[in-house]
>>> print(open('target_5.txt').read())   # compact mmCIF, C-alpha atoms
# COMPACT_ATOMS: atom_id res chain seq x y z
CA MET W 1 37.05 -54.84 122.55
CA ASN W 2 33.57 -53.96 123.65
CA ARG W 3 30.55 -53.90 121.38
CA ARG W 4 30.29 -50.08 121.17
CA SER W 5 33.93 -49.72 120.07
CA LEU W 6 33.48 -52.44 117.46
CA LEU W 7 30.36 -50.77 115.99
CA HIS W 8 32.10 -47.38 115.95
CA CYS W 9 35.13 -48.85 114.18
CA CYS W 10 33.01 -50.69 111.57
CA GLY W 11 30.83 -47.65 110.94
CA SER W 12 33.86 -45.42 110.38
CA SER W 13 35.40 -47.95 108.00
CA ILE W 14 32.23 -48.11 105.89
CA VAL W 15 32.11 -44.31 105.59
CA ILE W 16 35.82 -44.06 104.71
CA LEU W 17 35.86 -46.99 102.27
CA GLY W 18 32.47 -46.17 100.78
CA GLY W 19 33.44 -42.56 100.08
CA GLY W 20 35.63 -43.60 97.15
CA CYS W 21 32.92 -45.81 95.67
CA LEU W 22 30.61 -42.91 94.93
CA ASP W 23 32.65 -41.96 91.84
CA TRP W 24 32.11 -45.44 90.40
CA PHE W 25 28.42 -44.64 89.94
CA ASP W 26 28.87 -41.20 88.34
CA ASP W 27 26.60 -41.32 85.27
CA SER W 28 27.73 -38.04 83.72
CA VAL W 29 28.59 -37.90 80.04
CA ARG W 30 30.55 -35.59 77.71
CA ILE W 31 29.06 -34.86 74.28
CA CYS W 32 31.58 -34.73 71.43
CA ASP W 33 29.14 -33.64 68.72
CA ILE W 34 25.54 -33.88 67.56
CA ILE W 35 24.89 -35.03 64.01
CA ALA W 36 21.41 -34.76 62.52
CA TRP W 37 20.35 -36.26 59.21
CA THR W 38 17.20 -36.63 57.17
CA THR W 39 15.89 -37.70 53.81
CA TYR W 40 13.00 -35.21 53.86
CA GLU W 41 12.45 -33.37 50.60
CA THR W 42 10.16 -30.84 52.28
CA ARG W 43 11.43 -28.18 54.67
CA HIS W 44 11.03 -28.63 58.45
CA GLU W 45 12.05 -26.42 61.36
CA ILE W 46 13.95 -28.08 64.20
CA GLN W 47 14.31 -26.62 67.69
CA LEU W 48 17.09 -28.23 69.68
CA ARG W 49 17.83 -27.73 73.39
CA LEU W 50 20.55 -29.23 75.51
CA SER W 51 20.32 -28.94 79.29
CA ASP W 52 22.70 -30.07 82.02
CA ALA W 53 20.98 -30.84 85.32
CA GLY W 54 18.20 -28.37 84.45
CA GLU W 55 20.53 -25.57 83.23
CA ARG W 56 20.11 -24.84 79.51
CA VAL W 57 23.60 -24.95 77.95
CA TYR W 58 22.72 -24.91 74.23
CA GLU W 59 19.69 -23.88 72.20
CA GLU W 60 19.40 -23.33 68.47
CA ASN W 61 16.94 -23.55 65.58
CA TYR W 62 17.76 -25.42 62.38
CA GLU W 63 16.12 -26.26 59.08
CA ILE W 64 16.18 -29.70 57.50
CA GLY W 65 14.87 -30.96 54.20
CA GLY W 66 14.35 -28.82 51.11
CA SER W 67 17.55 -26.89 50.41
CA HIS W 68 18.99 -28.28 53.69
CA GLN W 69 18.86 -31.89 52.48
CA GLY W 70 20.98 -34.18 54.56
CA GLY W 71 20.82 -32.41 57.91
CA PHE W 72 23.29 -30.50 60.10
CA GLU W 73 26.18 -31.03 62.52
CA ILE W 74 26.87 -29.36 65.85
CA GLU W 75 30.57 -29.69 66.52
CA GLY W 76 31.98 -30.25 69.97
CA SER W 77 33.41 -26.72 70.07
CA GLU W 78 29.85 -25.33 70.05
CA ILE W 79 28.77 -27.55 72.95
CA PRO W 80 30.14 -26.80 76.45
CA VAL W 81 33.13 -29.06 77.11
CA ARG W 82 32.15 -30.62 80.39
CA ASN W 83 30.74 -33.79 81.81
CA GLY W 84 27.15 -33.46 82.81
CA HIS W 85 23.75 -35.03 83.24
CA PHE W 86 22.42 -33.94 79.86
CA THR W 87 18.88 -33.83 78.55
CA LEU W 88 18.46 -33.36 74.81
CA GLN W 89 15.12 -31.98 73.61
CA VAL W 90 13.99 -31.74 69.99
CA LYS W 91 10.87 -30.23 68.49
CA ILE W 92 9.93 -30.60 64.81
CA ASP W 93 7.70 -27.87 63.37
CA ASP W 94 4.72 -27.49 65.73
CA TYR W 95 4.75 -31.06 67.07
CA ASP W 96 5.43 -31.92 70.72
CA TRP W 97 8.89 -31.86 72.26
CA LYS W 98 10.71 -35.17 72.46
CA GLU W 99 13.50 -35.66 75.00
CA TRP W 100 16.26 -38.09 75.90
CA PHE W 101 18.37 -38.34 79.05
CA LEU W 102 21.90 -38.96 77.76
CA PRO W 103 23.43 -40.54 80.89
CA ASP W 104 21.06 -43.44 80.20
CA TYR W 105 22.96 -44.02 76.96
CA ALA W 106 26.65 -43.94 77.87
CA ASP W 107 29.24 -43.83 80.61
CA GLU W 108 31.79 -41.25 79.47
CA SER W 109 31.63 -39.58 76.05
CA VAL W 110 29.25 -39.87 73.11
CA SER W 111 28.69 -38.61 69.62
CA VAL W 112 24.93 -38.15 69.33
CA GLU W 113 23.06 -38.91 66.12
CA LEU W 114 19.54 -37.61 65.49
CA ARG W 115 17.48 -39.08 62.65
CA PHE W 116 14.46 -37.22 61.29
CA ARG W 117 12.02 -39.20 59.17
CA GLY W 118 8.48 -40.47 58.86
CA SER W 119 5.10 -38.93 58.44
CA PRO W 120 4.24 -37.12 60.61
CA PRO W 121 7.88 -36.07 61.12
CA SER W 122 9.58 -37.69 64.07
CA ALA W 123 13.03 -37.82 65.64
CA SER W 124 14.99 -40.77 66.97
CA LEU W 125 18.32 -40.82 68.77
CA GLY W 126 21.38 -43.01 68.45
CA TYR W 127 24.90 -42.60 69.73
CA ILE W 128 28.48 -43.69 69.20
CA PRO W 129 30.36 -44.14 72.49
CA ASP W 130 33.94 -43.12 73.19
CA CYS W 131 34.34 -40.47 70.50
>>> encode(input="target_5.txt", output="structure tokens")
Amino acid sequence: MNRRSLLHCCGSSIVILGGGCLDWFDDSVRICDIIAWTTYETRHEIQLRLSDAGERVYEENYEIGGSHQGGFEIEGSEIPVRNGHFTLQVKIDDYDWKEWFLPDYADESVSVELRFRGSPPSASLGYIPDC
């Protein structure tokens, strides 16, 4: 076997064998639900956006604190059922947007938990994998 044939054979094998490996590194995630909770006694307005690879797939305004003590829940049926590269953005009152890239947090499916607390109001994110 000459050198050119050997290189051609090895190169083809790498492309064929490596093609199946690309799925191993897929960092998409499916969101089961988003649960938000707070202990605020005063009312705050929450803007929540969920984007998948730059496409906005969910956007809603909520109130927390005051008569909405405890928080809110966004069930999976309200969120598009698909795997994606999600970005979750949250804005409290007139403060700056805060965002999280969900593929950094899990491999397959997550239940997202947002916690609102502190002064000035702030949001933090947690998750439960494999919901």
>>> atom_distance(input="target_5.txt", atom1="CA of Ile92 in chain W", atom2="CA of Leu50 in chain W")
15.1 Å
>>> closest_residue(input="target_5.txt", among="W:Glu45, W:Asp52, W:Glu63, W:Asp96", to="Arg82 in chain W", atoms="only C-alpha atoms")
W:Asp52
>>> residues_around(input="target_5.txt", residues="Ser51 in chain W", least_positions_apart="2", cutoff="6 Å", atoms="all atoms listed in the file", output="list in words")
Gly54, Glu55, Arg56, Val57, Phe86 and Thr87 of chain W
>>> closest_residue(input="target_5.txt", among="W:Leu114, W:Leu88, W:Leu48, W:Val81", to="Ile35 in chain W", atoms="all atoms listed in the file")
W:Leu114
>>> closest_atom_pairs(input="target_5.txt", of="range 83-112 of chain W", to="range 128-131 of chain W", cutoff="8 Å", atoms="all atoms listed in the file", output="CSV")
residue,atom,partner,partner_atom,distance
W:Ala106,CA,W:Pro129,CA,6.5
W:Glu108,CA,W:Asp130,CA,6.9
W:Ser109,CA,W:Asp130,CA,5.1
W:Val110,CA,W:Pro129,CA,4.5
W:Ser111,CA,W:Ile128,CA,5.1
W:Val112,CA,W:Ile128,CA,6.6
>>> residues_around(input="target_5.txt", residues="Tyr62 in chain W", least_positions_apart="6", cutoff="12 Å", atoms="all atoms listed in the file", output="list in words")
Ala36, Trp37, Arg43, His44, Glu45, Ile46, Gln47, Leu48, Arg49, His68, Gln69, Gly71, Phe72, Glu73, Ile74, Val90, Lys91, Ile92 and Asp93 of chain W
>>> atom_distance(input="target_5.txt", atom1="CA of Ser77 in chain W", atom2="CA of Val29 in chain W")
15.7 Å
>>> residues_near_point(input="target_5.txt", point="(7.3, -35.9, 63.2)", cutoff="10 Å", atoms="only C-alpha atoms", output="list in words")
His44, Lys91, Ile92, Asp93, Asp94, Tyr95, Asp96, Lys98, Phe116, Arg117, Gly118, Ser119, Pro120, Pro121, Ser122, Ala123 and Ser124 of chain W
>>> write_last_selection(input="target_5.txt", atoms="C-alpha atoms", output="PDB file, keeping the file's coordinate frame")
ATOM      1  CA  HIS W  44      11.030 -28.630  58.450  1.00  0.00           C
ATOM      2  CA  LYS W  91      10.870 -30.230  68.490  1.00  0.00           C
ATOM      3  CA  ILE W  92       9.930 -30.600  64.810  1.00  0.00           C
ATOM      4  CA  ASP W  93       7.700 -27.870  63.370  1.00  0.00           C
ATOM      5  CA  ASP W  94       4.720 -27.490  65.730  1.00  0.00           C
ATOM      6  CA  TYR W  95       4.750 -31.060  67.070  1.00  0.00           C
ATOM      7  CA  ASP W  96       5.430 -31.920  70.720  1.00  0.00           C
ATOM      8  CA  LYS W  98      10.710 -35.170  72.460  1.00  0.00           C
ATOM      9  CA  PHE W 116      14.460 -37.220  61.290  1.00  0.00           C
ATOM     10  CA  ARG W 117      12.020 -39.200  59.170  1.00  0.00           C
ATOM     11  CA  GLY W 118       8.480 -40.470  58.860  1.00  0.00           C
ATOM     12  CA  SER W 119       5.100 -38.930  58.440  1.00  0.00           C
ATOM     13  CA  PRO W 120       4.240 -37.120  60.610  1.00  0.00           C
ATOM     14  CA  PRO W 121       7.880 -36.070  61.120  1.00  0.00           C
ATOM     15  CA  SER W 122       9.580 -37.690  64.070  1.00  0.00           C
ATOM     16  CA  ALA W 123      13.030 -37.820  65.640  1.00  0.00           C
ATOM     17  CA  SER W 124      14.990 -40.770  66.970  1.00  0.00           C
TER      18      SER W 124
END
>>> atom_distance(input="target_5.txt", atom1="CA of Asn83 in chain W", atom2="CA of Ser28 in chain W")
5.5 Å
>>> axis_aligned_box(input="target_5.txt", around="range 76-92 of chain W", padding_each_side="3 Å", output="JSON")
{"center_x": 21.7, "center_y": -30.2, "center_z": 74.0, "size_x": 29.5, "size_y": 15.7, "size_z": 24.4}
>>> closest_residue(input="target_5.txt", among="W:Glu75, W:Cys32, W:Asn61, W:Ser67", to="Gln89 in chain W", atoms="only C-alpha atoms")
W:Asn61
